[in-house]
file target.pdb (PDB, N, CA and C atoms)
MODEL        1
ATOM      1  N   MET A 790       0.823  -1.196   0.000  1.00  0.00           N
ATOM      2  CA  MET A 790       0.000   0.000   0.000  1.00  0.00           C
ATOM      3  C   MET A 790       0.863   1.254   0.000  1.00  0.00           C
ATOM      4  N   GLU A 791       2.043   1.163   0.571  1.00  0.00           N
ATOM      5  CA  GLU A 791       2.923   2.330   0.613  1.00  0.00           C
ATOM      6  C   GLU A 791       3.341   2.791  -0.774  1.00  0.00           C
ATOM      7  N   ARG A 792       3.456   1.862  -1.731  1.00  0.00           N
ATOM      8  CA  ARG A 792       3.877   2.206  -3.083  1.00  0.00           C
ATOM      9  C   ARG A 792       2.701   2.405  -4.034  1.00  0.00           C
ATOM     10  N   ALA A 793       1.486   2.243  -3.538  1.00  0.00           N
ATOM     11  CA  ALA A 793       0.303   2.338  -4.390  1.00  0.00           C
ATOM     12  C   ALA A 793       0.121   3.743  -4.948  1.00  0.00           C
ATOM     13  N   GLN A 794      -0.204   3.813  -6.208  1.00  0.00           N
ATOM     14  CA  GLN A 794      -0.434   5.091  -6.879  1.00  0.00           C
ATOM     15  C   GLN A 794      -1.638   5.825  -6.275  1.00  0.00           C
ATOM     16  N   CYS A 795      -2.576   5.094  -5.719  1.00  0.00           N
ATOM     17  CA  CYS A 795      -3.782   5.697  -5.154  1.00  0.00           C
ATOM     18  C   CYS A 795      -3.573   6.278  -3.754  1.00  0.00           C
ATOM     19  N   ARG A 796      -2.429   6.022  -3.190  1.00  0.00           N
ATOM     20  CA  ARG A 796      -2.150   6.514  -1.840  1.00  0.00           C
ATOM     21  C   ARG A 796      -2.336   8.027  -1.786  1.00  0.00           C
ATOM     22  N   GLY A 797      -3.175   8.475  -0.875  1.00  0.00           N
ATOM     23  CA  GLY A 797      -3.436   9.902  -0.700  1.00  0.00           C
ATOM     24  C   GLY A 797      -4.561  10.439  -1.571  1.00  0.00           C
ATOM     25  N   GLU A 798      -5.080   9.611  -2.476  1.00  0.00           N
ATOM     26  CA  GLU A 798      -6.188  10.047  -3.331  1.00  0.00           C
ATOM     27  C   GLU A 798      -7.515   9.938  -2.570  1.00  0.00           C
ATOM     28  N   ASP A 799      -8.496  10.658  -3.021  1.00  0.00           N
ATOM     29  CA  ASP A 799      -9.837  10.604  -2.443  1.00  0.00           C
ATOM     30  C   ASP A 799     -10.447   9.227  -2.705  1.00  0.00           C
ATOM     31  N   ARG A 800     -10.822   8.531  -1.642  1.00  0.00           N
ATOM     32  CA  ARG A 800     -11.406   7.184  -1.769  1.00  0.00           C
ATOM     33  C   ARG A 800     -12.651   7.163  -2.649  1.00  0.00           C
ATOM     34  N   ASP A 801     -13.391   8.265  -2.659  1.00  0.00           N
ATOM     35  CA  ASP A 801     -14.622   8.311  -3.457  1.00  0.00           C
ATOM     36  C   ASP A 801     -14.361   8.089  -4.942  1.00  0.00           C
ATOM     37  N   LEU A 802     -13.157   8.398  -5.408  1.00  0.00           N
ATOM     38  CA  LEU A 802     -12.804   8.149  -6.813  1.00  0.00           C
ATOM     39  C   LEU A 802     -12.917   6.671  -7.153  1.00  0.00           C
ATOM     40  N   PHE A 803     -12.623   5.826  -6.178  1.00  0.00           N
ATOM     41  CA  PHE A 803     -12.567   4.392  -6.398  1.00  0.00           C
ATOM     42  C   PHE A 803     -13.872   3.678  -6.036  1.00  0.00           C
ATOM     43  N   PHE A 804     -14.836   4.452  -5.561  1.00  0.00           N
ATOM     44  CA  PHE A 804     -16.165   3.928  -5.245  1.00  0.00           C
ATOM     45  C   PHE A 804     -17.205   4.863  -5.861  1.00  0.00           C
ATOM     46  N   PRO A 805     -17.245   4.897  -7.198  1.00  0.00           N
ATOM     47  CA  PRO A 805     -18.130   5.839  -7.891  1.00  0.00           C
ATOM     48  C   PRO A 805     -19.597   5.479  -7.712  1.00  0.00           C
ATOM     49  N   SER A 806     -20.448   6.502  -7.793  1.00  0.00           N
ATOM     50  CA  SER A 806     -21.879   6.229  -7.733  1.00  0.00           C
ATOM     51  C   SER A 806     -22.317   5.576  -9.035  1.00  0.00           C
ATOM     52  N   LEU A 807     -23.432   4.871  -8.955  1.00  0.00           N
ATOM     53  CA  LEU A 807     -23.959   4.133 -10.100  1.00  0.00           C
ATOM     54  C   LEU A 807     -24.084   5.048 -11.316  1.00  0.00           C
ATOM     55  N   GLY A 808     -23.642   4.563 -12.456  1.00  0.00           N
ATOM     56  CA  GLY A 808     -23.737   5.319 -13.689  1.00  0.00           C
ATOM     57  C   GLY A 808     -22.588   6.292 -13.913  1.00  0.00           C
ATOM     58  N   THR A 809     -21.674   6.389 -12.946  1.00  0.00           N
ATOM     59  CA  THR A 809     -20.527   7.284 -13.078  1.00  0.00           C
ATOM     60  C   THR A 809     -19.349   6.502 -13.631  1.00  0.00           C
ATOM     61  N   ASP A 810     -18.676   7.056 -14.624  1.00  0.00           N
ATOM     62  CA  ASP A 810     -17.512   6.399 -15.208  1.00  0.00           C
ATOM     63  C   ASP A 810     -16.280   6.707 -14.351  1.00  0.00           C
ATOM     64  N   PRO A 811     -15.659   5.691 -13.793  1.00  0.00           N
ATOM     65  CA  PRO A 811     -14.511   5.902 -12.911  1.00  0.00           C
ATOM     66  C   PRO A 811     -13.202   6.078 -13.686  1.00  0.00           C
ATOM     67  N   VAL A 812     -13.221   6.901 -14.713  1.00  0.00           N
ATOM     68  CA  VAL A 812     -12.061   7.043 -15.596  1.00  0.00           C
ATOM     69  C   VAL A 812     -10.811   7.500 -14.842  1.00  0.00           C
ATOM     70  N   ARG A 813     -10.950   8.435 -13.928  1.00  0.00           N
ATOM     71  CA  ARG A 813      -9.767   8.912 -13.180  1.00  0.00           C
ATOM     72  C   ARG A 813      -9.179   7.789 -12.331  1.00  0.00           C
ATOM     73  N   ALA A 814     -10.029   7.003 -11.697  1.00  0.00           N
ATOM     74  CA  ALA A 814      -9.549   5.873 -10.895  1.00  0.00           C
ATOM     75  C   ALA A 814      -8.797   4.883 -11.777  1.00  0.00           C
ATOM     76  N   ARG A 815      -9.312   4.611 -12.948  1.00  0.00           N
ATOM     77  CA  ARG A 815      -8.661   3.663 -13.856  1.00  0.00           C
ATOM     78  C   ARG A 815      -7.304   4.187 -14.342  1.00  0.00           C
ATOM     79  N   VAL A 816      -7.227   5.496 -14.571  1.00  0.00           N
ATOM     80  CA  VAL A 816      -5.946   6.093 -14.976  1.00  0.00           C
ATOM     81  C   VAL A 816      -4.926   5.945 -13.854  1.00  0.00           C
ATOM     82  N   ILE A 817      -5.350   6.240 -12.637  1.00  0.00           N
ATOM     83  CA  ILE A 817      -4.450   6.111 -11.476  1.00  0.00           C
ATOM     84  C   ILE A 817      -3.983   4.664 -11.348  1.00  0.00           C
ATOM     85  N   CYS A 818      -4.901   3.730 -11.458  1.00  0.00           N
ATOM     86  CA  CYS A 818      -4.550   2.308 -11.358  1.00  0.00           C
ATOM     87  C   CYS A 818      -3.608   1.895 -12.489  1.00  0.00           C
ATOM     88  N   GLY A 819      -3.826   2.446 -13.661  1.00  0.00           N
ATOM     89  CA  GLY A 819      -2.985   2.100 -14.799  1.00  0.00           C
ATOM     90  C   GLY A 819      -1.531   2.510 -14.624  1.00  0.00           C
ATOM     91  N   LEU A 820      -1.288   3.486 -13.767  1.00  0.00           N
ATOM     92  CA  LEU A 820       0.072   3.966 -13.509  1.00  0.00           C
ATOM     93  C   LEU A 820       0.701   3.324 -12.275  1.00  0.00           C
ATOM     94  N   CYS A 821      -0.038   2.464 -11.619  1.00  0.00           N
ATOM     95  CA  CYS A 821       0.371   1.942 -10.317  1.00  0.00           C
ATOM     96  C   CYS A 821       1.426   0.831 -10.425  1.00  0.00           C
ATOM     97  N   PRO A 822       2.504   0.946  -9.636  1.00  0.00           N
ATOM     98  CA  PRO A 822       3.531  -0.088  -9.647  1.00  0.00           C
ATOM     99  C   PRO A 822       3.129  -1.372  -8.914  1.00  0.00           C
ATOM    100  N   VAL A 823       2.056  -1.328  -8.132  1.00  0.00           N
ATOM    101  CA  VAL A 823       1.617  -2.522  -7.391  1.00  0.00           C
ATOM    102  C   VAL A 823       0.228  -2.979  -7.848  1.00  0.00           C
ATOM    103  N   ARG A 824      -0.085  -2.700  -9.094  1.00  0.00           N
ATOM    104  CA  ARG A 824      -1.407  -3.052  -9.626  1.00  0.00           C
ATOM    105  C   ARG A 824      -1.687  -4.558  -9.529  1.00  0.00           C
ATOM    106  N   GLN A 825      -0.715  -5.381  -9.869  1.00  0.00           N
ATOM    107  CA  GLN A 825      -0.938  -6.828  -9.816  1.00  0.00           C
ATOM    108  C   GLN A 825      -1.184  -7.298  -8.385  1.00  0.00           C
ATOM    109  N   GLU A 826      -0.442  -6.774  -7.452  1.00  0.00           N
ATOM    110  CA  GLU A 826      -0.642  -7.139  -6.052  1.00  0.00           C
ATOM    111  C   GLU A 826      -2.032  -6.729  -5.583  1.00  0.00           C
ATOM    112  N   CYS A 827      -2.478  -5.568  -6.024  1.00  0.00           N
ATOM    113  CA  CYS A 827      -3.818  -5.083  -5.684  1.00  0.00           C
ATOM    114  C   CYS A 827      -4.881  -6.038  -6.239  1.00  0.00           C
ATOM    115  N   LEU A 828      -4.714  -6.433  -7.487  1.00  0.00           N
ATOM    116  CA  LEU A 828      -5.661  -7.370  -8.096  1.00  0.00           C
ATOM    117  C   LEU A 828      -5.637  -8.708  -7.372  1.00  0.00           C
ATOM    118  N   ASP A 829      -4.448  -9.179  -7.035  1.00  0.00           N
ATOM    119  CA  ASP A 829      -4.326 -10.452  -6.305  1.00  0.00           C
ATOM    120  C   ASP A 829      -5.044 -10.392  -4.957  1.00  0.00           C
ATOM    121  N   ASP A 830      -5.019  -9.241  -4.312  1.00  0.00           N
ATOM    122  CA  ASP A 830      -5.720  -9.075  -3.029  1.00  0.00           C
ATOM    123  C   ASP A 830      -7.228  -8.967  -3.224  1.00  0.00           C
ATOM    124  N   ALA A 831      -7.650  -8.319  -4.301  1.00  0.00           N
ATOM    125  CA  ALA A 831      -9.071  -8.058  -4.524  1.00  0.00           C
ATOM    126  C   ALA A 831      -9.832  -9.272  -5.063  1.00  0.00           C
ATOM    127  N   LEU A 832      -9.204 -10.075  -5.892  1.00  0.00           N
ATOM    128  CA  LEU A 832      -9.920 -11.179  -6.541  1.00  0.00           C
ATOM    129  C   LEU A 832     -10.576 -12.166  -5.584  1.00  0.00           C
ATOM    130  N   PRO A 833      -9.945 -12.589  -4.514  1.00  0.00           N
ATOM    131  CA  PRO A 833     -10.594 -13.559  -3.628  1.00  0.00           C
ATOM    132  C   PRO A 833     -11.807 -13.000  -2.872  1.00  0.00           C
ATOM    133  N   GLN A 834     -11.972 -11.700  -2.874  1.00  0.00           N
ATOM    134  CA  GLN A 834     -13.037 -11.066  -2.099  1.00  0.00           C
ATOM    135  C   GLN A 834     -14.242 -10.769  -3.004  1.00  0.00           C
ATOM    136  N   ALA A 835     -15.126 -11.736  -3.129  1.00  0.00           N
ATOM    137  CA  ALA A 835     -16.256 -11.632  -4.052  1.00  0.00           C
ATOM    138  C   ALA A 835     -17.202 -10.485  -3.715  1.00  0.00           C
ATOM    139  N   ASP A 836     -17.260 -10.078  -2.475  1.00  0.00           N
ATOM    140  CA  ASP A 836     -18.199  -9.023  -2.080  1.00  0.00           C
ATOM    141  C   ASP A 836     -17.562  -7.627  -2.082  1.00  0.00           C
ATOM    142  N   LEU A 837     -16.357  -7.520  -2.603  1.00  0.00           N
ATOM    143  CA  LEU A 837     -15.633  -6.254  -2.623  1.00  0.00           C
ATOM    144  C   LEU A 837     -16.126  -5.374  -3.764  1.00  0.00           C
ATOM    145  N   GLY A 838     -16.578  -4.179  -3.433  1.00  0.00           N
ATOM    146  CA  GLY A 838     -17.033  -3.236  -4.447  1.00  0.00           C
ATOM    147  C   GLY A 838     -15.930  -2.276  -4.831  1.00  0.00           C
ATOM    148  N   GLY A 839     -16.243  -1.379  -5.713  1.00  0.00           N
ATOM    149  CA  GLY A 839     -15.310  -0.335  -6.097  1.00  0.00           C
ATOM    150  C   GLY A 839     -14.317  -0.764  -7.158  1.00  0.00           C
ATOM    151  N   ILE A 840     -13.400   0.133  -7.440  1.00  0.00           N
ATOM    152  CA  ILE A 840     -12.358  -0.094  -8.435  1.00  0.00           C
ATOM    153  C   ILE A 840     -11.089  -0.517  -7.713  1.00  0.00           C
ATOM    154  N   TRP A 841     -10.585  -1.667  -8.074  1.00  0.00           N
ATOM    155  CA  TRP A 841      -9.339  -2.202  -7.523  1.00  0.00           C
ATOM    156  C   TRP A 841      -8.498  -2.667  -8.702  1.00  0.00           C
ATOM    157  N   ALA A 842      -7.262  -2.199  -8.769  1.00  0.00           N
ATOM    158  CA  ALA A 842      -6.356  -2.563  -9.868  1.00  0.00           C
ATOM    159  C   ALA A 842      -6.973  -2.210 -11.224  1.00  0.00           C
ATOM    160  N   GLY A 843      -7.797  -1.196 -11.238  1.00  0.00           N
ATOM    161  CA  GLY A 843      -8.414  -0.748 -12.483  1.00  0.00           C
ATOM    162  C   GLY A 843      -9.605  -1.577 -12.931  1.00  0.00           C
ATOM    163  N   THR A 844     -10.061  -2.497 -12.083  1.00  0.00           N
ATOM    164  CA  THR A 844     -11.177  -3.369 -12.453  1.00  0.00           C
ATOM    165  C   THR A 844     -12.399  -3.091 -11.572  1.00  0.00           C
ATOM    166  N   SER A 845     -13.556  -3.287 -12.166  1.00  0.00           N
ATOM    167  CA  SER A 845     -14.815  -3.160 -11.424  1.00  0.00           C
ATOM    168  C   SER A 845     -15.151  -4.503 -10.781  1.00  0.00           C
ATOM    169  N   ALA A 846     -16.130  -4.497  -9.906  1.00  0.00           N
ATOM    170  CA  ALA A 846     -16.574  -5.742  -9.263  1.00  0.00           C
ATOM    171  C   ALA A 846     -17.032  -6.748 -10.322  1.00  0.00           C
ATOM    172  N   LYS A 847     -17.705  -6.267 -11.340  1.00  0.00           N
ATOM    173  CA  LYS A 847     -18.196  -7.147 -12.414  1.00  0.00           C
ATOM    174  C   LYS A 847     -17.022  -7.750 -13.196  1.00  0.00           C
ATOM    175  N   GLN A 848     -16.019  -6.959 -13.475  1.00  0.00           N
ATOM    176  CA  GLN A 848     -14.842  -7.461 -14.188  1.00  0.00           C
ATOM    177  C   GLN A 848     -14.091  -8.486 -13.351  1.00  0.00           C
ATOM    178  N   ARG A 849     -14.004  -8.231 -12.050  1.00  0.00           N
ATOM    179  CA  ARG A 849     -13.327  -9.198 -11.174  1.00  0.00           C
ATOM    180  C   ARG A 849     -14.103 -10.506 -11.087  1.00  0.00           C
ATOM    181  N   GLN A 850     -15.429 -10.423 -11.096  1.00  0.00           N
ATOM    182  CA  GLN A 850     -16.241 -11.641 -11.094  1.00  0.00           C
ATOM    183  C   GLN A 850     -15.944 -12.469 -12.344  1.00  0.00           C
ATOM    184  N   LYS A 851     -15.834 -11.797 -13.473  1.00  0.00           N
ATOM    185  CA  LYS A 851     -15.527 -12.489 -14.733  1.00  0.00           C
ATOM    186  C   LYS A 851     -14.135 -13.128 -14.661  1.00  0.00           C
ATOM    187  N   LEU A 852     -13.169 -12.411 -14.107  1.00  0.00           N
ATOM    188  CA  LEU A 852     -11.825 -12.968 -13.953  1.00  0.00           C
ATOM    189  C   LEU A 852     -11.822 -14.196 -13.051  1.00  0.00           C
ATOM    190  N   ARG A 853     -12.571 -14.127 -11.948  1.00  0.00           N
ATOM    191  CA  ARG A 853     -12.667 -15.295 -11.052  1.00  0.00           C
ATOM    192  C   ARG A 853     -13.260 -16.487 -11.783  1.00  0.00           C
ATOM    193  N   SER A 854     -14.300 -16.245 -12.558  1.00  0.00           N
ATOM    194  CA  SER A 854     -14.954 -17.309 -13.316  1.00  0.00           C
ATOM    195  C   SER A 854     -13.996 -17.924 -14.336  1.00  0.00           C
ATOM    196  N   GLU A 855     -13.259 -17.068 -15.045  1.00  0.00           N
ATOM    197  CA  GLU A 855     -12.300 -17.560 -16.037  1.00  0.00           C
ATOM    198  C   GLU A 855     -11.201 -18.383 -15.370  1.00  0.00           C
ATOM    199  N   ARG A 856     -10.740 -17.934 -14.224  1.00  0.00           N
ATOM    200  CA  ARG A 856      -9.691 -18.677 -13.508  1.00  0.00           C
ATOM    201  C   ARG A 856     -10.191 -20.030 -13.033  1.00  0.00           C
ATOM    202  N   ARG A 857     -11.452 -20.080 -12.566  1.00  0.00           N
ATOM    203  CA  ARG A 857     -12.022 -21.364 -12.140  1.00  0.00           C
ATOM    204  C   ARG A 857     -12.090 -22.321 -13.323  1.00  0.00           C
ATOM    205  N   LYS A 858     -12.498 -21.827 -14.483  1.00  0.00           N
ATOM    206  CA  LYS A 858     -12.573 -22.671 -15.687  1.00  0.00           C
ATOM    207  C   LYS A 858     -11.202 -23.199 -16.069  1.00  0.00           C
ATOM    208  N   LEU A 859     -10.182 -22.343 -16.004  1.00  0.00           N
ATOM    209  CA  LEU A 859      -8.825 -22.778 -16.332  1.00  0.00           C
ATOM    210  C   LEU A 859      -8.318 -23.842 -15.371  1.00  0.00           C
ATOM    211  N   ARG A 860      -8.619 -23.671 -14.090  1.00  0.00           N
ATOM    212  CA  ARG A 860      -8.192 -24.687 -13.107  1.00  0.00           C
ATOM    213  C   ARG A 860      -8.912 -26.000 -13.339  1.00  0.00           C
ATOM    214  N   GLY A 861     -10.149 -25.924 -13.813  1.00  0.00           N
ATOM    215  CA  GLY A 861     -10.908 -27.139 -14.080  1.00  0.00           C
ATOM    216  C   GLY A 861     -10.352 -27.905 -15.264  1.00  0.00           C
ATOM    217  N   VAL A 862      -9.756 -27.216 -16.197  1.00  0.00           N
ATOM    218  CA  VAL A 862      -9.168 -27.826 -17.399  1.00  0.00           C
ATOM    219  C   VAL A 862      -7.842 -28.479 -17.083  1.00  0.00           C
ATOM    220  N   ALA A 863      -7.081 -27.834 -16.199  1.00  0.00           N
ATOM    221  CA  ALA A 863      -5.714 -28.336 -15.911  1.00  0.00           C
ATOM    222  C   ALA A 863      -5.736 -29.587 -15.085  1.00  0.00           C
TER     223      ALA A 863
ENDMDL
END

call {"tool": "encode", "arguments": {"input": "target.pdb", "output": "structure tokens"}}
result
Amino acid sequence: MERAQCRGEDRDLFFPSLGTDPVRARVICGLCPVRQECLDDALPQADLGGIWAGTSAKQRQKLRSERRKLRGVA
């Protein structure tokens, strides 16, 4: 968290209201040196809302589903 690009930013950027495009949050995440670590922390938490590692809750759900399918194949 100490190296996170979002450190010191307004938390509301990462928890946008419905219908709001979180473009600024995604830009911040896109520049983050610990983006992968953030995603690794967020993925196991199915009930986690907001933008984490530049992904929405819906995108993370899709990633979890894809990972489960890949593990089932291997």

call {"tool": "select_by_dssp", "arguments": {"input": "target.pdb", "residues": "segment 794-839 of chain A", "states": "alpha helix (DSSP H)", "output": "VMD selection string"}}
result
chain A and resid 812 to 819 824 to 831

call {"tool": "axis_aligned_box", "arguments": {"input": "target.pdb", "around": "segment 809-828 of chain A", "padding_each_side": "8 Å", "output": "JSON"}}
result
{"center_x": -9.1, "center_y": 0.1, "center_z": -10.6, "size_x": 41.2, "size_y": 33.6, "size_z": 26.0}

call {"tool": "closest_residue", "arguments": {"input": "target.pdb", "among": "A:Lys858, A:Val816, A:Arg824, A:Leu807", "to": "Ala793 of chain A", "atoms": "all atoms listed in the file"}}
result
A:Arg824

call {"tool": "closest_residue", "arguments": {"input": "target.pdb", "among": "A:Ala846, A:Cys795, A:Leu802, A:Leu852", "to": "Pro822 of chain A", "atoms": "all atoms listed in the file"}}
result
A:Cys795

call {"tool": "residues_around", "arguments": {"input": "target.pdb", "residues": "segment 835-839 of chain A", "least_positions_apart": "2", "cutoff": "5 Å", "atoms": "only N, CA and C atoms", "output": "PyMOL selection string"}}
result
chain A and resi 803-804+833+841+845-846

call {"tool": "atom_distance", "arguments": {"input": "target.pdb", "atom1": "atom C of Lys851 of chain A", "atom2": "atom CA of Arg792 of chain A"}}
result
26.3 Å

call {"tool": "atom_distance", "arguments": {"input": "target.pdb", "atom1": "atom C of Val812 of chain A", "atom2": "atom CA of Arg853 of chain A"}}
result
23.2 Å

call {"tool": "closest_residue", "arguments": {"input": "target.pdb", "among": "A:Cys827, A:Arg857, A:Gln848, A:Ile840", "to": "Ala814 of chain A", "atoms": "all atoms listed in the file"}}
result
A:Ile840
